[in-house]
Amino acid sequence: MAHRTGYYTHAACRRHEMGEGHPECPERLDAIEDRLLLTGVGDALDRREAPAAALADIELAHDRMHVAGLRGLSQNLAEDQLAGGPRYSPIDPDTSINVHTWDAALHAAGAALAATDAVIAGELENAFCAVRPPGHHACHGKAMGFCFFNNVAVAARYALERHRFKRVAIVDFDVHHGNGTEDILAGDDRVLMVGFFQHPLYPFSGTEHPASNMLNLPVPAYTRGMEIRELIESVWLPRLEAFKPEMVFVSAGFDAHREDELGQLGLTESDYTWITMRIKDVARRFSKGRIVSVLEGGYSLDALARSVEAHVRVLADL
């Protein structure tokens, strides 16, 4: 078995888009794909097509009405389009669906679930899901902030409910607070979520008395990689080690990169390499190496592609 790192994606994830000039665009996946091809990193991965998630699994993390509502919105949009109606149906000022969003969201969540199954079965040591739409702003009962279903929260609950795990950890290093993941999992003591994020910044949450299983590290704009590393070393790692997770999920947003215009943090590829090494070390010691990482943000295409390469190189021991 040469390939120990899975790479999950699906063509449907490219068909969801929210209009000309929107930062969360299909080209994000193309940039990642091109970079992995160019550097040869792609050759070291076990490439797998993401299946669509079952609605029963999505409902482990989401309200049934939210799921039904999104499906209904999608069907209405498709019917309106046949009659020459609009191309998009807005959910909030930054977030809308097109006729392909429902399918893309099912495959994005399905990638995280299939990766979870394969890693738990021992077919893969770990996996990266190159999917969109992203997920960590999607709450139990609503879509927001470019996100529809919370891919990582769905997969974490799936590991707990379907695979009967007792403890799973979620590491979120996106520049924005993973408010949706917190909304779904706050107070669930089987989960420890650790995250840093720029504050104040969208969604302007994460600082008001988080639940005891949420370890939030809000940092000011222009915080550099070395300061983040010190916080991870002194605050995250002791909590993760004490928790001893059986599996680690990663909300892998790369918009804390210094070249990304949606945030103002100062991380570089070497910081993502270092962070991934720390996560991998925790997983190796407590979780039999089990990691499922899912793409979240990252909007400067070049910086995104280089950062994902750095992250995946560590996962794949390259």
# chains A, B, ... in the order shown; residues from 1 in each chain; ligands from 1
call {"tool": "residues_around", "arguments": {"residues": "Arg290 of chain A", "least_positions_apart": "3", "cutoff": "12 Å", "atoms": "only C-alpha atoms", "output": "PyMOL selection string"}}
result
chain A and resi 4-6+115-128+159+168-169+245-250+279-287+293+315
call {"tool": "residues_around", "arguments": {"residues": "segment 202-208 of chain A", "least_positions_apart": "3", "cutoff": "7 Å", "atoms": "only C-alpha atoms", "output": "MDAnalysis selection string"}}
result
chainID A and resid 176:177 179 199 216
call {"tool": "write_last_selection", "arguments": {"atoms": "N, CA, C and O atoms", "output": "PDB file, in the first residue's frame"}}
result
ATOM      1  N   HIS A 176     -11.460  32.872   9.902  1.00  0.00           N
ATOM      2  CA  HIS A 176     -12.758  33.208  10.486  1.00  0.00           C
ATOM      3  C   HIS A 176     -13.159  32.174  11.547  1.00  0.00           C
ATOM      4  O   HIS A 176     -12.868  30.988  11.391  1.00  0.00           O
ATOM      5  N   HIS A 177     -13.853  32.620  12.564  1.00  0.00           N
ATOM      6  CA  HIS A 177     -14.319  31.708  13.614  1.00  0.00           C
ATOM      7  C   HIS A 177     -15.307  30.689  13.037  1.00  0.00           C
ATOM      8  O   HIS A 177     -16.233  31.060  12.306  1.00  0.00           O
ATOM      9  N   ASN A 179     -18.084  29.394  13.611  1.00  0.00           N
ATOM     10  CA  ASN A 179     -19.281  29.560  14.448  1.00  0.00           C
ATOM     11  C   ASN A 179     -20.308  28.449  14.250  1.00  0.00           C
ATOM     12  O   ASN A 179     -21.011  28.065  15.179  1.00  0.00           O
ATOM     13  N   HIS A 199      -9.906  38.384  15.232  1.00  0.00           N
ATOM     14  CA  HIS A 199     -11.046  39.032  15.890  1.00  0.00           C
ATOM     15  C   HIS A 199     -10.704  40.485  16.160  1.00  0.00           C
ATOM     16  O   HIS A 199      -9.622  40.756  16.651  1.00  0.00           O
ATOM     17  N   ASN A 216     -11.271  28.498  22.020  1.00  0.00           N
ATOM     18  CA  ASN A 216     -11.164  29.534  21.002  1.00  0.00           C
ATOM     19  C   ASN A 216      -9.996  30.472  21.312  1.00  0.00           C
ATOM     20  O   ASN A 216      -9.859  30.923  22.451  1.00  0.00           O
TER      21      ASN A 216
END
call {"tool": "residues_around", "arguments": {"residues": "Arg306 of chain A", "least_positions_apart": "2", "cutoff": "8 Å", "atoms": "only C-alpha atoms", "output": "number ranges by chain"}}
result
A: 32, 35, 269, 302-304, 308-310
call {"tool": "residues_around", "arguments": {"residues": "segment 144-154 of chain A", "least_positions_apart": "3", "cutoff": "9 Å", "atoms": "only C-alpha atoms", "output": "MDAnalysis selection string"}}
result
chainID A and resid 18 24 57:62 67 70 91:96 101:102 105:106 108:113 132:140 157:159 170 180:182 184:185 202:203 249:251 292:294
call {"tool": "atom_distance", "arguments": {"atom1": "atom CA of Leu262 of chain A", "atom2": "atom CA of Leu73 of chain A"}}
result
28.0 Å
call {"tool": "select_by_dssp", "arguments": {"residues": "segment 70-180 of chain A", "states": "alpha helix (DSSP H)", "output": "number ranges by chain"}}
result
A: 70-82, 101-120, 151-161, 179-180
call {"tool": "closest_residue", "arguments": {"among": "A:His3, A:Arg15, A:Lys288, A:Arg229", "to": "His100 of chain A", "atoms": "only C-alpha atoms"}}
result
A:Arg15
call {"tool": "atom_distance", "arguments": {"atom1": "atom CA of Thr268 of chain A", "atom2": "atom CA of Leu217 of chain A"}}
result
18.7 Å
call {"tool": "residues_around", "arguments": {"residues": "Gln264 of chain A", "least_positions_apart": "2", "cutoff": "8 Å", "atoms": "only C-alpha atoms", "output": "list in words"}}
result
Gln198, Ala221, Tyr222, Thr223, Ala256, Arg258, Asp260, Glu261, Leu262 and Gly266 of chain A
call {"tool": "select_by_dssp", "arguments": {"residues": "segment 157-310 of chain A", "states": "strand (DSSP E)", "output": "ChimeraX atom specification"}}
result
/A:168-172,191-198,214-219,247-252,291-295
call {"tool": "closest_residue", "arguments": {"among": "A:Ala242, A:Val99, A:Val194, A:Leu29", "to": "Arg87 of chain A", "atoms": "only C-alpha atoms"}}
result
A:Val99
call {"tool": "closest_residue", "arguments": {"among": "A:Ser74, A:Glu259, A:Thr9, A:Asp271", "to": "Tyr299 of chain A", "atoms": "only C-alpha atoms"}}
result
A:Glu259
call {"tool": "atom_distance", "arguments": {"atom1": "atom CA of Arg64 of chain A", "atom2": "atom CA of Gly141 of chain A"}}
result
8.2 Å
call {"tool": "decode", "arguments": {"residues": "segment 92-106 of chain A", "atoms": "N, CA, C and O atoms", "output": "CSV table (one decimal), in the first residue's frame"}}
result
chain,number,residue,atom,x,y,z
A,92,ASP,N,-27.9,34.9,2.2
A,92,ASP,CA,-27.5,36.1,2.9
A,92,ASP,C,-26.8,37.0,1.9
A,92,ASP,O,-26.6,36.6,0.8
A,93,PRO,N,-26.3,38.2,2.4
A,93,PRO,CA,-25.7,39.1,1.4
A,93,PRO,C,-24.5,38.5,0.6
A,93,PRO,O,-24.2,38.9,-0.5
A,94,ASP,N,-23.8,37.5,1.2
A,94,ASP,CA,-22.6,36.9,0.6
A,94,ASP,C,-22.8,35.5,0.1
A,94,ASP,O,-21.9,34.9,-0.5
A,95,THR,N,-24.0,35.0,0.3
A,95,THR,CA,-24.2,33.5,0.1
A,95,THR,C,-25.5,33.3,-0.7
A,95,THR,O,-26.5,33.8,-0.4
A,96,SER,N,-25.3,32.5,-1.8
A,96,SER,CA,-26.5,32.2,-2.6
A,96,SER,C,-26.3,30.8,-3.2
A,96,SER,O,-25.2,30.3,-3.2
A,97,ILE,N,-27.4,30.3,-3.7
A,97,ILE,CA,-27.3,29.0,-4.3
A,97,ILE,C,-27.5,29.1,-5.8
A,97,ILE,O,-28.2,30.0,-6.3
A,98,ASN,N,-27.0,28.2,-6.6
A,98,ASN,CA,-27.4,28.0,-8.0
A,98,ASN,C,-28.0,26.6,-8.1
A,98,ASN,O,-28.2,25.9,-7.1
A,99,VAL,N,-28.3,26.2,-9.3
A,99,VAL,CA,-29.0,24.9,-9.4
A,99,VAL,C,-28.1,23.7,-9.1
A,99,VAL,O,-28.6,22.6,-8.9
A,100,HIS,N,-26.8,23.9,-9.0
A,100,HIS,CA,-25.9,22.8,-8.7
A,100,HIS,C,-25.5,22.8,-7.2
A,100,HIS,O,-24.7,21.9,-6.8
A,101,THR,N,-25.9,23.8,-6.4
A,101,THR,CA,-25.4,23.9,-5.0
A,101,THR,C,-25.8,22.7,-4.2
A,101,THR,O,-24.9,22.2,-3.4
A,102,TRP,N,-27.0,22.3,-4.3
A,102,TRP,CA,-27.5,21.2,-3.5
A,102,TRP,C,-26.6,19.9,-3.7
A,102,TRP,O,-26.1,19.3,-2.8
A,103,ASP,N,-26.4,19.6,-5.0
A,103,ASP,CA,-25.5,18.4,-5.3
A,103,ASP,C,-24.1,18.6,-4.8
A,103,ASP,O,-23.5,17.7,-4.3
A,104,ALA,N,-23.6,19.8,-5.0
A,104,ALA,CA,-22.2,20.1,-4.6
A,104,ALA,C,-22.1,19.9,-3.0
A,104,ALA,O,-21.1,19.3,-2.5
A,105,ALA,N,-23.1,20.5,-2.3
A,105,ALA,CA,-23.0,20.4,-0.9
A,105,ALA,C,-23.2,18.9,-0.4
A,105,ALA,O,-22.5,18.5,0.6
A,106,LEU,N,-24.0,18.1,-1.1
A,106,LEU,CA,-24.1,16.7,-0.7
A,106,LEU,C,-22.7,16.0,-0.9
A,106,LEU,O,-22.3,15.1,-0.1
